[in-house]
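In what follows, a single structure is set out as structure tokens and then discussed.
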Amino acid sequence: MGSRGQPEESRAAILKAAAHEFAQHGIAGARTDAIAREARVNKALLYYYFKDKETLYGAVLDDAFSGLKNAVFQVLDSNLPPRDKIMAYAGAYFDFIASNQLYPRLMQREMMRAREGQSQHIDKVIKNYIQPIFLRVSEVMREGIAQGEFRPVNPAHFVPSMVAMIVFYFSSAPMMQKIVGFNPLTPERIAERRAAVLDFISAALFKRNATQGARP
């Protein structure tokens with residue numbers, strides 16, 4: 001069982017187990033004893049790190065969204081030209097979600113909770129993570145439009161559409177398996193989806209004379 005003598009390992013194990021529990025059951029249905037058992041720590045230690053379930057839930061959201069932000073800002077802060085940067089951003093976003101497939105369900109549950117006015121965390125999530133990503137991607141898009149690389153699209157519509165193409169694939173995988181008749185989450189199918197997403201974005205965003213060599 002985890003102990004206070006291994007604070008980083010114990011905290012990381014708790015967050016990982018909690019992400020799974022919250023994604024499966026939401027905060028109302030999640031059980032801290034199940035989280036502690038999955039993390040292989042005792043319940044007292046869980047409460048040593050996180051004073052209550054709501055605090056733990058907020059830490060899980062921070063962990064998820066900070067990971068996403070770090071992943072995409074490695075690309076967005078690069079010196080790539082707009083065309084390459086927007087494709088690298090979409091690829092980095094896709095790769096992060098593909099490697100953390102619990103997060104779409106976690107994010108979906110939080111958005112529903114926020115819509116019902118029950119979220120204590122949504123303002124922080126938006127301010128610290130979602131809005132900075134959106135503003136930076138919008139800046140790249142406006143730069144590409146000004147340079148004649150991109151069609152004159154509205155980032156307020158295009159950026160959420162890019163995200164939706166990525167996230168929905170993973171959140172809807174059980175339904176899609178029944179529709180298409182195969183497991184959409186095998187490595188081969190995920191690679192196919194990644195290529196399809198990048199192809200769709202390039203076709204929708206790039207001007208025709210700028211599409212050659214656009215796909216990484």
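Convention: chains lettered A, B, ... in structure tokens order; per-chain residue numbering from 1; ligands numbered from 1 as shown.
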
Considering only C-alpha atoms, return as a ChimeraX atom specification whatever protein or nucleic-acid residues lie within 9 Å of stretch 143-158 of chain A, sequence-local ones (same chain, fewer than 3 positions apart) excluded.
/A:81-83,134,137-140,161-163,204-211

Apply DSSP to the structure's backbone, then extract all residues of chain A labelled alpha helix (DSSP H) and return them as a PyMOL selection string.
chain A and resi 7-29+32-39+43-49+53-76+82-99+103-115+122-125+131-146+155-171+173-180+187-205

Just give me the gap between atom CA of A:Gln101 and atom CA of A:Tyr129 in Å, one decimal is fine.
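Going from atom CA of A:Gln101 over to atom CA of A:Tyr129 covers 18.4 Å.
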
Please, what distance in Å, to one decimal, runs between atom CA of A:Ala36 and atom CA of A:Asn128?
28.2 Å

Please indicate the distance in Å from atom CA of A:Tyr47 to atom CA of A:Arg115, rounded to one decimal place.
28.7 Å

Tell me which protein, DNA and RNA residues are within 7 Å of stretch 60-71 of chain A, counting only C-alpha atoms, leaving out same-chain ones fewer than 5 positions away, and put them as a CSV table (one decimal) with N, CA, C and O atoms, in the first residue's frame.
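In the end it all went to around21.csv:
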```csv
chain,number,residue,atom,x,y,z
A,15,LEU,N,-4.4,9.9,-8.5
A,15,LEU,CA,-5.0,10.6,-9.6
A,15,LEU,C,-5.4,9.7,-10.7
A,15,LEU,O,-6.5,9.9,-11.4
A,18,ALA,N,-8.4,7.8,-9.7
A,18,ALA,CA,-9.6,8.6,-9.6
A,18,ALA,C,-10.1,9.1,-11.0
A,18,ALA,O,-11.3,9.2,-11.2
A,19,ALA,N,-9.2,9.3,-11.9
A,19,ALA,CA,-9.6,9.6,-13.3
A,19,ALA,C,-10.5,8.5,-13.9
A,19,ALA,O,-11.6,8.8,-14.5
A,92,ALA,N,-0.9,16.7,-32.2
A,92,ALA,CA,-0.5,16.6,-30.8
A,92,ALA,C,-1.8,16.4,-29.9
A,92,ALA,O,-1.7,15.6,-29.0
A,96,PHE,N,-2.5,13.1,-27.7
A,96,PHE,CA,-2.7,13.1,-26.3
A,96,PHE,C,-4.0,12.4,-25.9
A,96,PHE,O,-4.0,11.6,-24.9
A,103,TYR,N,-10.1,10.6,-20.8
A,103,TYR,CA,-10.3,12.0,-20.7
A,103,TYR,C,-11.5,12.5,-21.5
A,103,TYR,O,-12.2,13.4,-21.0
A,129,TYR,N,-6.8,26.6,-18.9
A,129,TYR,CA,-6.5,25.6,-19.9
A,129,TYR,C,-7.2,25.9,-21.3
A,129,TYR,O,-6.5,26.1,-22.3
A,133,ILE,N,-5.5,27.8,-24.8
A,133,ILE,CA,-5.3,27.0,-26.0
A,133,ILE,C,-6.1,27.6,-27.2
A,133,ILE,O,-5.6,27.8,-28.3
```

Could you name the residues that touch A:Met111 at 12 Å or less, counting only C-alpha atoms, but leaving out those on the same chain fewer than 6 positions away, as number ranges by chain?
A: 26, 61, 104-105, 117-123, 125-126

Any idea what's packed within 9 Å of A:Arg40, counting only C-alpha atoms, ignoring anything in its chain fewer than 2 positions away? Could you give it as a PyMOL selection string?
chain A and resi 1-2+10+13-14+35-38+42

Using only C-alpha atoms, which of the listed residues (A:Val41, A:His20, A:Phe73, A:Leu102) sits closest to A:Tyr89?
A:Phe73

Counting only C-alpha atoms, which of A:Arg189, A:Pro132, A:Tyr57, A:Ser99 gets nearest to A:Ala30?
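Among the listed residues, A:Tyr57 lies closest to A:Ala30.
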